Amino acid sequence: MAANTAAAPENNINSNQVNHAADLENNKVTASDSGTVSTPGDDQEDAGNQTSNSEQAALIDFKTLEWWQGGIILIAETVSLGILSLPSVLASVGLAPGIALIVLMSVLSTYSCVVLGEFRKAHMDVENFGDAVEVVSHSLGPVAAKVLQEFFGWAQVIFQVLVAGSHILTWTICLNTLTDSGACTVLWAFVGLAIFWFLNFPRTLSYASYMSIASCLSIVIATLMTVGDVSRTRPIGNGHIDIARSLGLPPAMLAVTDIAVAFSSHSCFFSVYGEFKKPTDWPKALALLQIVDTSLYLLAAIVIYYYVGPDVPSPALSAAGSDVMRKAIWGVAIPTIVIAGVIYGHVAAEYVFTRIFRGTKHEIRRTWVSTVSWLAITFGIWLIATIVSLSIPVFNSLLGLVAALFVSWFSYGLPGIFWLWMHHGNYFNKGWGQIARFAGNIVLLVVGALLCVLGLWASIEAIAQEEGNQPWSCASNAA
């Protein structure tokens with residue numbers, strides 16, 4: 001009976017969460033039509049006693065996303081802040097190298113997404129990069145595997161908190177621009193904290209799929225408004241463009257890291273994949289993501305740089321020629337600034353919550369303890385993100401630091417390692433296609449290592465030399 005009844009919830013929640021619930025309830029779980037779970041009293045020591053209210057709390061349905069909803073969520077978290085720095089990247093390296101780098105990073109990012117999907121399909125209990133690293137490091141021994149699981153799991157959280165901080169920073173730029181610096185920047189940051197935290201109250205991403213539609217429309221319309229305005233008015237600079245530029249290694253690497261950030265949503269992929277109704281639909285969502293983001297990136301970067309020239313600002317939404325148009329564009333961009341940040345905050349909170357409550361009923365049910373804990377965790381994440389945004393108040397430098405420390409591995413290095421581990425011993429015995437994939441994953445690994453080492457050096461040097469707003473200052477950062 002246990003085997004039959006335990007299968008019912010499996011269609012509604014992640015497979016590993018079902019296993020935890022089954023362990024918790026001694027594999028004697030029955031699903032009612034209302035979605036609650038009860039334990040057969042005749043097998044329990046306290047037979048005949050009523051189950052407590054907390055034990056009868058509603059079971060959370062995590063498998064809620066259609067492929068298009070998953071694709072929209074991926075677009076919302078990917079095409080957000082990264083696109084705002086790309087025109088300035090072309091101004092740094094020149095038009096031709098900039099276009100080549102965007103296309104190259106798009107190809108590498110798409111392939112690494114495919115690898116992550118293959119890995120998740122083969123290991124359905126993986127929820128995050130910590131779990132994934134733990135799987136591939138078993139050969140090093142249980143202690144080493146556990147240490148690496150914790151290290152990369154918490155590294156993922158730190159990365160997502162830093163990205164959330166960049167959204168708070170962009171929020172303050174937006175509010176100062178819209179209000180003509182009507183209040184202290186620190187105050188705007190804490191207003192943002194309250195809004196982002198409130199939107200992180202729900203426990204699943206199903207609600208975010210609908211908000212993400214607004215986010216996608218927001219960034220597309222804001223970008224097209226900027227493109228249209230600069231092509232009409234040529235507002236900043238003299239319109240001069242460089243086909244290619246000669247520059248030192250630090251600024252060149254900072255440009256590469258900015259592009260890497262534009263394709264950096266990989267850290268959320270396992271969580272989003274885990275909420276698909278049909279995991280086999282992953283390639284459809286991935287295709288939607290990569291077609292949309294690459295097309296928008298090239299359009300925005302080329303047109304804005306071509307018309308504005310070397311003085312193009314970052315974030316690029318401020319390239320508009322008049323104050324009225326600039327404010328209108330920033331106003332339209334508010335949904336993507338907020339919603340993309342909320343998705344990163346959700347995934348970070350989900351990891352922390354699971355680490356605390358894994359194997360308990362609070363992980364999969366709406367209990368008083370789980371609700372209060374979720375609110376506390378999400379508040380803590382946004383508080384830290386706000387502190388980060390006020391401590392590193394320079395947009396490009398913060399993005400570069402994030403890319404060097406984390407995007408280098410989550411988007412490039414680790415997917416390469418995962419594929420090499422999955423196909424160990426079969427690199428050269430399955431034809432040229434397999435050999436080509438082996439070479440591609442070696443490239444991912446090398447790119448990840450170079451981005452980490454050289455990008456970190458360039459980002460730290462840029463932050464040290466930056467002449468801009470001081471940390472924790474009320475001074476306006478209006479664009």
# chains A, B, ... in the order shown; residues from 1 in each chain; ligands from 1

$ residues_around --residues "Phe201 of chain A" --least-positions-apart "2" --cutoff "12 Å" --atoms "only C-alpha atoms" --output "ChimeraX atom specification"
/A:194-199,203-205,207-208,342-343,345-346,349-350,370-379

$ closest_residue --among "A:Leu249, A:Leu74, A:Leu420, A:Leu95" --to "Tyr305 of chain A" --atoms "only C-alpha atoms"
A:Leu95

$ closest_residue --among "A:Arg232, A:Lys277, A:Lys284, A:Arg358" --to "Ala319 of chain A" --atoms "only C-alpha atoms"
A:Arg232
